[in-house]
>>> print(open('upload_36.cif').read())   # mmCIF, C-alpha atoms
data_run
#
loop_
_atom_site.label_atom_id
_atom_site.label_comp_id
_atom_site.auth_asym_id
_atom_site.auth_seq_id
_atom_site.Cartn_x
_atom_site.Cartn_y
_atom_site.Cartn_z
CA MET A 1 13.04 43.82 -51.51
CA GLU A 2 14.26 47.30 -50.49
CA ILE A 3 10.93 48.02 -48.77
CA LEU A 4 11.02 44.68 -46.95
CA ALA A 5 14.62 45.38 -45.83
CA ALA A 6 13.62 48.83 -44.53
CA LEU A 7 10.65 47.34 -42.62
CA LEU A 8 12.91 44.70 -41.08
CA GLY A 9 15.29 47.53 -40.15
CA LEU A 10 12.42 49.26 -38.35
CA LEU A 11 11.55 46.02 -36.53
CA GLY A 12 15.22 45.48 -35.56
CA GLY A 13 15.29 49.00 -34.12
CA VAL A 14 12.16 48.43 -32.01
CA LEU A 15 13.61 45.17 -30.66
CA SER A 16 16.99 46.78 -29.90
CA GLY A 17 15.22 49.52 -27.92
CA LEU A 18 13.11 46.94 -26.09
CA PHE A 19 15.82 44.45 -25.18
CA GLY A 20 19.03 46.51 -25.36
CA VAL A 21 20.21 43.86 -27.84
CA GLY A 22 18.87 42.58 -31.12
CA GLY A 23 19.57 45.23 -33.74
CA GLY A 24 22.53 43.65 -35.47
CA ILE A 25 21.34 40.11 -34.93
CA LEU A 26 18.38 40.86 -37.25
CA PHE A 27 20.28 43.18 -39.62
CA VAL A 28 22.82 40.52 -40.64
CA PRO A 29 20.23 37.92 -41.80
CA THR A 30 18.19 40.69 -43.46
CA LEU A 31 21.24 41.80 -45.44
CA VAL A 32 22.11 38.20 -46.41
CA LEU A 33 18.64 36.75 -47.11
CA VAL A 34 16.76 39.83 -48.37
CA LEU A 35 19.45 41.97 -50.01
CA GLY A 36 21.80 39.14 -51.03
CA LEU A 37 25.01 40.39 -49.42
CA THR A 38 27.83 37.98 -48.54
CA GLN A 39 28.14 37.10 -44.83
CA VAL A 40 31.26 39.31 -44.39
CA HIS A 41 29.70 42.26 -46.23
CA ALA A 42 26.48 41.83 -44.22
CA GLU A 43 28.38 41.81 -40.91
CA ALA A 44 30.44 44.87 -41.89
CA THR A 45 27.32 46.72 -43.07
CA SER A 46 25.31 45.72 -39.98
CA LEU A 47 27.89 47.42 -37.74
CA LEU A 48 27.38 50.68 -39.63
CA ALA A 49 23.59 50.22 -39.73
CA ILE A 50 23.26 49.89 -35.93
CA LEU A 51 24.90 53.28 -35.27
CA PRO A 52 21.82 55.51 -35.92
CA ALA A 53 19.62 53.26 -33.74
CA LEU A 54 22.27 53.25 -31.00
CA LEU A 55 22.50 57.03 -30.99
CA ALA A 56 18.71 57.25 -30.72
CA GLY A 57 18.57 54.52 -28.05
CA ALA A 58 21.45 55.91 -25.96
CA TRP A 59 19.88 59.37 -26.12
CA ARG A 60 16.55 58.00 -24.85
CA GLN A 61 18.24 55.95 -22.11
CA GLN A 62 20.29 58.99 -21.03
CA ARG A 63 17.02 60.83 -20.45
CA TYR A 64 16.11 58.11 -17.98
CA GLY A 65 19.54 58.37 -16.32
CA ASN A 66 20.61 54.84 -17.21
CA VAL A 67 24.02 55.47 -18.79
CA ASP A 68 27.31 55.29 -16.82
CA GLY A 69 29.46 57.39 -19.16
CA ARG A 70 32.85 56.43 -17.68
CA ALA A 71 32.10 52.69 -17.80
CA ALA A 72 30.75 53.00 -21.35
CA LEU A 73 33.96 54.75 -22.44
CA LEU A 74 36.22 52.10 -20.82
CA VAL A 75 34.25 49.18 -22.30
CA GLY A 76 34.22 50.93 -25.68
CA LEU A 77 37.95 51.62 -25.66
CA GLY A 78 38.71 48.04 -24.57
CA SER A 79 36.59 46.75 -27.42
CA ILE A 80 38.69 48.38 -30.16
CA ALA A 81 41.51 45.81 -29.84
CA GLY A 82 38.95 43.00 -29.80
CA VAL A 83 37.26 44.40 -32.88
CA ALA A 84 40.56 44.50 -34.79
CA GLY A 85 41.10 40.80 -34.02
CA GLY A 86 37.48 39.88 -34.73
CA VAL A 87 37.55 41.49 -38.20
CA GLU A 88 40.67 39.53 -39.17
CA LEU A 89 39.14 36.32 -37.81
CA ALA A 90 35.85 36.84 -39.71
CA LYS A 91 37.72 37.51 -42.96
CA ALA A 92 40.02 34.49 -42.48
CA LEU A 93 37.09 32.05 -42.11
CA PRO A 94 35.45 30.52 -45.20
CA GLU A 95 32.14 32.24 -46.06
CA ASP A 96 29.90 29.23 -45.28
CA VAL A 97 31.69 28.53 -41.98
CA LEU A 98 31.18 32.14 -40.89
CA ARG A 99 27.50 31.99 -41.89
CA ARG A 100 26.94 28.79 -39.91
CA LEU A 101 28.83 30.18 -36.90
CA PHE A 102 26.51 33.18 -37.02
CA ALA A 103 23.50 30.84 -37.21
CA VAL A 104 24.70 28.98 -34.10
CA PHE A 105 25.22 32.35 -32.37
CA MET A 106 21.57 33.24 -33.20
CA LEU A 107 20.34 29.96 -31.71
CA VAL A 108 22.37 30.55 -28.53
CA VAL A 109 20.91 34.06 -28.19
CA ALA A 110 17.41 32.63 -28.79
CA ALA A 111 17.96 30.07 -26.02
CA THR A 112 19.32 32.79 -23.68
CA LEU A 113 16.25 34.96 -24.27
CA ALA A 114 13.90 32.04 -23.71
CA TRP A 115 15.73 31.21 -20.46
CA ARG A 116 15.44 34.83 -19.34
CA ALA A 117 11.71 34.85 -20.12
CA PHE A 118 11.05 31.79 -17.99
CA HIS A 119 13.53 32.64 -15.19
CA PRO A 120 13.24 36.40 -14.59
CA LYS A 121 16.03 37.85 -12.45
CA PRO A 122 15.37 40.56 -9.85
CA ALA A 123 17.75 42.84 -11.79
CA TYR A 124 15.51 42.63 -14.83
CA SER A 125 12.20 42.81 -12.99
CA SER A 126 13.27 46.17 -11.46
CA LYS A 127 12.39 47.47 -14.94
CA ARG A 128 8.72 47.52 -14.07
CA ASP A 129 9.27 49.02 -10.59
CA ALA A 130 10.85 52.09 -12.11
CA ALA A 131 8.23 52.49 -14.82
CA MET B 1 38.84 49.60 -14.62
CA ALA B 2 40.74 46.53 -15.84
CA ARG B 3 37.48 44.58 -15.68
CA LEU B 4 35.66 47.12 -17.83
CA LEU B 5 38.48 47.10 -20.42
CA ALA B 6 38.45 43.27 -20.42
CA ILE B 7 34.66 43.22 -20.90
CA GLY B 8 35.19 45.53 -23.87
CA LEU B 9 37.90 43.31 -25.35
CA VAL B 10 35.69 40.20 -25.26
CA ALA B 11 32.69 42.15 -26.59
CA GLY B 12 34.82 43.59 -29.41
CA VAL B 13 35.80 40.16 -30.75
CA PHE B 14 32.14 39.07 -30.62
CA SER B 15 30.92 42.25 -32.26
CA ALA B 16 33.29 42.10 -35.23
CA LEU B 17 33.01 38.33 -35.71
CA PHE B 18 29.20 38.42 -35.87
CA GLY B 19 28.43 41.96 -37.03
CA VAL B 20 26.40 42.72 -33.91
CA GLY B 21 26.80 45.38 -31.23
CA GLY B 22 27.80 42.92 -28.53
CA GLY B 23 25.14 43.98 -26.01
CA ILE B 24 24.28 40.32 -25.51
CA VAL B 25 27.82 39.94 -24.07
CA ILE B 26 28.26 43.35 -22.43
CA VAL B 27 24.99 43.47 -20.44
CA PRO B 28 25.43 40.16 -18.52
CA LEU B 29 29.17 40.87 -17.96
CA LEU B 30 28.42 44.33 -16.52
CA VAL B 31 25.82 42.73 -14.23
CA SER B 32 27.95 39.78 -13.09
CA LEU B 33 31.47 41.32 -13.03
CA ALA B 34 30.89 45.03 -12.43
CA GLY B 35 27.80 44.99 -10.18
CA PHE B 36 25.48 46.91 -12.53
CA ASP B 37 21.70 46.47 -12.33
CA GLY B 38 19.96 45.36 -15.52
CA ARG B 39 18.64 48.73 -16.63
CA ARG B 40 21.89 50.62 -16.06
CA ALA B 41 23.84 47.82 -17.77
CA THR B 42 21.54 48.09 -20.80
CA GLY B 43 21.90 51.88 -21.09
CA THR B 44 25.68 51.77 -20.58
CA SER B 45 26.02 48.91 -23.07
CA LEU B 46 24.19 50.94 -25.74
CA ALA B 47 26.66 53.80 -25.32
CA ALA B 48 29.74 51.49 -25.34
CA ILE B 49 28.49 49.75 -28.47
CA GLY B 50 28.60 53.10 -30.27
CA ILE B 51 32.40 52.94 -30.03
CA THR B 52 32.55 49.18 -30.72
CA ALA B 53 30.34 49.28 -33.81
CA GLY B 54 31.99 52.45 -35.07
CA ALA B 55 35.42 50.80 -34.83
CA GLY B 56 34.10 47.64 -36.52
CA ALA B 57 32.54 49.58 -39.40
CA LEU B 58 35.81 51.52 -39.79
CA PHE B 59 38.06 48.42 -39.82
CA TYR B 60 35.75 46.54 -42.22
CA GLY B 61 35.50 49.70 -44.32
CA LEU B 62 39.29 49.79 -44.69
CA HIS B 63 39.01 46.28 -46.18
CA GLY B 64 36.31 47.56 -48.59
CA ASP B 65 33.56 45.36 -47.09
CA LEU B 66 31.09 48.14 -46.25
CA LYS B 67 27.85 48.67 -48.24
CA VAL B 68 26.89 52.17 -47.16
CA GLY B 69 23.60 52.35 -49.13
CA SER B 70 22.32 49.10 -47.58
CA ALA B 71 23.39 50.32 -44.12
CA ALA B 72 21.31 53.50 -44.55
CA LEU B 73 18.33 51.54 -45.91
CA ILE B 74 18.18 49.45 -42.73
CA GLY B 75 19.83 51.74 -40.19
CA LEU B 76 17.71 54.87 -40.61
CA PRO B 77 14.30 53.14 -40.10
CA ALA B 78 15.93 51.27 -37.18
CA ALA B 79 16.71 54.59 -35.44
CA LEU B 80 13.00 55.45 -35.51
CA GLY B 81 12.14 51.98 -34.23
CA ALA B 82 14.68 52.21 -31.38
CA VAL B 83 13.06 55.35 -29.98
CA GLY B 84 9.70 53.56 -30.00
CA GLY B 85 11.23 50.43 -28.47
CA VAL B 86 12.82 52.28 -25.55
CA ALA B 87 9.51 54.04 -24.85
CA LEU B 88 7.68 50.68 -24.90
CA GLN B 89 10.29 49.12 -22.56
CA GLN B 90 9.22 51.55 -19.82
CA ARG B 91 5.63 50.27 -19.74
CA LEU B 92 5.47 46.87 -21.39
CA GLN B 93 5.36 43.37 -19.90
CA THR B 94 8.04 41.93 -22.18
CA ARG B 95 7.82 38.21 -21.36
CA THR B 96 5.58 37.33 -24.31
CA LEU B 97 7.64 39.55 -26.61
CA THR B 98 10.87 37.93 -25.42
CA ILE B 99 9.52 34.48 -26.23
CA GLY B 100 8.35 35.71 -29.65
CA PHE B 101 11.75 37.24 -30.36
CA SER B 102 13.42 34.00 -29.29
CA LEU B 103 11.25 31.99 -31.71
CA LEU B 104 12.00 34.45 -34.54
CA LEU B 105 15.76 34.12 -33.96
CA THR B 106 15.45 30.32 -33.85
CA ALA B 107 13.63 30.23 -37.21
CA VAL B 108 16.12 32.55 -38.94
CA GLY B 109 19.07 30.74 -37.33
CA ILE B 110 17.89 27.41 -38.70
CA ARG B 111 17.32 28.99 -42.13
CA LEU B 112 20.95 30.24 -42.16
CA LEU B 113 22.31 26.95 -40.86
CA VAL B 114 21.00 24.79 -43.71
#
>>> encode(input="upload_36.cif", output="structure tokens")
Amino acid sequence: MEILAALLGLLGGVLSGLFGVGGGILFVPTLVLVLGLTQVHAEATSLLAILPALLAGAWRQQRYGNVDGRAALLVGLGSIAGVAGGVELAKALPEDVLRRLFAVFMLVVAATLAWRAFHPKPAYSSKRDAA
Amino acid sequence: MARLLAIGLVAGVFSALFGVGGGIVIVPLLVSLAGFDGRRATGTSLAAIGITAGAGALFYGLHGDLKVGSAALIGLPAALGAVGGVALQQRLQTRTLTIGFSLLLTAVGIRLLV
């Protein structure tokens, strides 16, 4: 189970580098379904687990000149208040309600990605121009 | 500036509630509200999430909800994977991958729902 979890971690990292999203969204179900954590513990642990991948990803992106440091700082600082509220909300919800909410969130993200794949925006297609 | 702080606030609630970075919220908001192009929004979102996820891990940790060993087990291989993923993003046609990822999320989402 530990080896499977580590492999899924590797996969989550690749997907987060590819899409700029997707690390945590795979870590949480891995922690719940493979390692048997509760939903709250999995969400808490996922937030810590995405930090090494983020550091690696941000470092790689910086090399390509794609980080606006000032904007990142402002968004990050603004998020701290939201995080404080979100933690209290997650802990106040019953375990199964939180798990199902997360499942719905996954399905919405899946639909968003599918939409993006079939309706590419110019902003996203500029990816290949720069490559 | 107020817009960037507000984007952060919304992303922070999402991040802590679902245990994710919040890039899925930050990237489209930076594009639609702050005029970023997709690539720059993605890079900037990754850096912002460092603060968001760090704060989330800290607040959850204060409640005693953090499993540090499990985080290392998943997080350290993920760092290796992320470097590979960013390199692939520069040269890969991601449409097929995006659809595959979408199907994977759908399957796991349904598994968690029932």
>>> closest_residue(input="upload_36.cif", among="B:Ala78, B:Ala87, B:Leu103, B:Ala16", to="Gln39 of chain A", atoms="only C-alpha atoms")
B:Ala16
>>> atom_distance(input="upload_36.cif", atom1="atom CA of Arg40 of chain B", atom2="atom CA of Leu92 of chain B")
17.7 Å
>>> atom_distance(input="upload_36.cif", atom1="atom CA of Ala110 of chain A", atom2="atom CA of Thr106 of chain B")
5.9 Å
>>> resolve_selection(input="upload_36.cif", expression="the PyMOL selection byres ((chain A and resi 90) around 8)", output="list of chain:residue names")
A:Val40, A:Gly86, A:Val87, A:Glu88, A:Leu89, A:Lys91, A:Ala92, A:Leu93, A:Leu98, B:Ala16, B:Leu17, B:Phe18
>>> atom_distance(input="upload_36.cif", atom1="atom CA of Gly19 of chain B", atom2="atom CA of Gly24 of chain A")
6.3 Å
>>> closest_residue(input="upload_36.cif", among="A:Leu101, A:Leu18, A:Leu31, A:Glu95", to="chain B", atoms="all atoms listed in the file")
A:Leu18
>>> decode(input="upload_36.cif", residues="segment 1-107 of chain B", atoms="C-alpha atoms", output="CSV table (one decimal), in the first residue's frame")
chain,number,residue,atom,x,y,z
B,1,MET,CA,-4.4,44.8,-5.8
B,2,ALA,CA,-7.9,44.4,-4.2
B,3,ARG,CA,-8.8,41.9,-7.0
B,4,LEU,CA,-5.7,39.8,-6.3
B,5,LEU,CA,-6.4,39.7,-2.6
B,6,ALA,CA,-10.0,38.8,-3.3
B,7,ILE,CA,-8.9,36.0,-5.6
B,8,GLY,CA,-6.7,34.7,-2.8
B,9,LEU,CA,-9.5,34.8,-0.3
B,10,VAL,CA,-11.8,32.7,-2.5
B,11,ALA,CA,-9.0,30.3,-3.4
B,12,GLY,CA,-8.1,30.0,0.3
B,13,VAL,CA,-11.5,28.8,1.3
B,14,PHE,CA,-11.5,26.3,-1.6
B,15,SER,CA,-8.0,25.1,-0.7
B,16,ALA,CA,-8.7,24.4,2.9
B,17,LEU,CA,-12.2,22.9,2.4
B,18,PHE,CA,-10.9,20.4,-0.2
B,19,GLY,CA,-7.2,19.9,0.7
B,20,VAL,CA,-6.1,21.1,-2.7
B,21,GLY,CA,-3.9,24.0,-3.8
B,22,GLY,CA,-6.7,26.0,-5.4
B,23,GLY,CA,-5.0,26.4,-8.8
B,24,ILE,CA,-8.3,25.3,-10.4
B,25,VAL,CA,-9.8,28.5,-8.9
B,26,ILE,CA,-6.8,30.8,-9.1
B,27,VAL,CA,-5.8,30.2,-12.8
B,28,PRO,CA,-9.2,31.1,-14.4
B,29,LEU,CA,-9.7,34.0,-12.0
B,30,LEU,CA,-6.2,35.5,-12.9
B,31,VAL,CA,-7.1,35.1,-16.6
B,32,SER,CA,-10.6,36.5,-16.3
B,33,LEU,CA,-10.2,39.2,-13.6
B,34,ALA,CA,-6.6,40.2,-13.8
B,35,GLY,CA,-5.8,39.8,-17.5
B,36,PHE,CA,-3.1,37.1,-17.2
B,37,ASP,CA,-2.4,34.7,-20.1
B,38,GLY,CA,-2.8,31.0,-19.4
B,39,ARG,CA,0.9,30.2,-18.9
B,40,ARG,CA,1.7,33.2,-16.7
B,41,ALA,CA,-1.5,32.5,-14.6
B,42,THR,CA,-0.3,28.9,-14.2
B,43,GLY,CA,3.2,29.8,-13.0
B,44,THR,CA,1.9,32.6,-10.7
B,45,SER,CA,-0.8,30.3,-9.3
B,46,LEU,CA,1.9,27.7,-8.4
B,47,ALA,CA,3.8,30.3,-6.4
B,48,ALA,CA,0.7,31.6,-4.6
B,49,ILE,CA,-0.4,28.1,-3.7
B,50,GLY,CA,2.9,27.7,-1.8
B,51,ILE,CA,1.6,30.3,0.7
B,52,THR,CA,-2.0,28.9,0.6
B,53,ALA,CA,-1.0,25.3,1.2
B,54,GLY,CA,1.6,26.2,3.8
B,55,ALA,CA,-1.1,28.2,5.7
B,56,GLY,CA,-3.6,25.3,5.4
B,57,ALA,CA,-1.1,22.7,6.6
B,58,LEU,CA,-0.2,25.0,9.5
B,59,PHE,CA,-3.8,25.6,10.6
B,60,TYR,CA,-4.8,21.9,10.3
B,61,GLY,CA,-1.5,21.0,12.1
B,62,LEU,CA,-2.6,23.2,15.0
B,63,HIS,CA,-5.7,21.1,15.2
B,64,GLY,CA,-3.6,17.9,15.2
B,65,ASP,CA,-4.9,16.7,11.8
B,66,LEU,CA,-1.6,16.4,10.0
B,67,LYS,CA,0.0,13.0,9.1
B,68,VAL,CA,3.5,14.1,8.4
B,69,GLY,CA,4.8,10.6,7.4
B,70,SER,CA,2.0,10.1,4.8
B,71,ALA,CA,2.6,13.6,3.5
B,72,ALA,CA,6.3,12.7,2.9
B,73,LEU,CA,5.4,9.4,1.3
B,74,ILE,CA,3.3,11.1,-1.3
B,75,GLY,CA,4.8,14.5,-1.5
B,76,LEU,CA,8.5,13.7,-2.1
B,77,PRO,CA,7.8,11.4,-5.2
B,78,ALA,CA,5.4,14.1,-6.4
B,79,ALA,CA,8.2,16.7,-6.4
B,80,LEU,CA,10.1,14.5,-8.9
B,81,GLY,CA,7.0,14.0,-11.0
B,82,ALA,CA,6.3,17.8,-11.1
B,83,VAL,CA,9.7,18.6,-12.6
B,84,GLY,CA,9.0,16.0,-15.3
B,85,GLY,CA,5.4,17.3,-15.8
B,86,VAL,CA,6.5,20.9,-16.3
B,87,ALA,CA,9.2,19.7,-18.9
B,88,LEU,CA,6.5,17.7,-20.7
B,89,GLN,CA,4.1,20.7,-20.7
B,90,GLN,CA,6.6,22.6,-22.9
B,91,ARG,CA,6.4,20.0,-25.8
B,92,LEU,CA,3.3,17.9,-25.4
B,93,GLN,CA,0.0,18.0,-27.1
B,94,THR,CA,-2.1,17.7,-23.9
B,95,ARG,CA,-5.6,17.3,-25.3
B,96,THR,CA,-5.6,13.5,-25.0
B,97,LEU,CA,-4.0,13.7,-21.6
B,98,THR,CA,-6.5,16.2,-20.4
B,99,ILE,CA,-9.4,13.9,-21.4
B,100,GLY,CA,-7.6,10.9,-19.7
B,101,PHE,CA,-7.2,13.0,-16.5
B,102,SER,CA,-10.8,14.0,-16.6
B,103,LEU,CA,-11.9,10.4,-16.9
B,104,LEU,CA,-9.6,9.4,-14.0
B,105,LEU,CA,-11.1,12.1,-11.8
B,106,THR,CA,-14.6,11.1,-12.8
B,107,ALA,CA,-14.0,7.5,-11.8
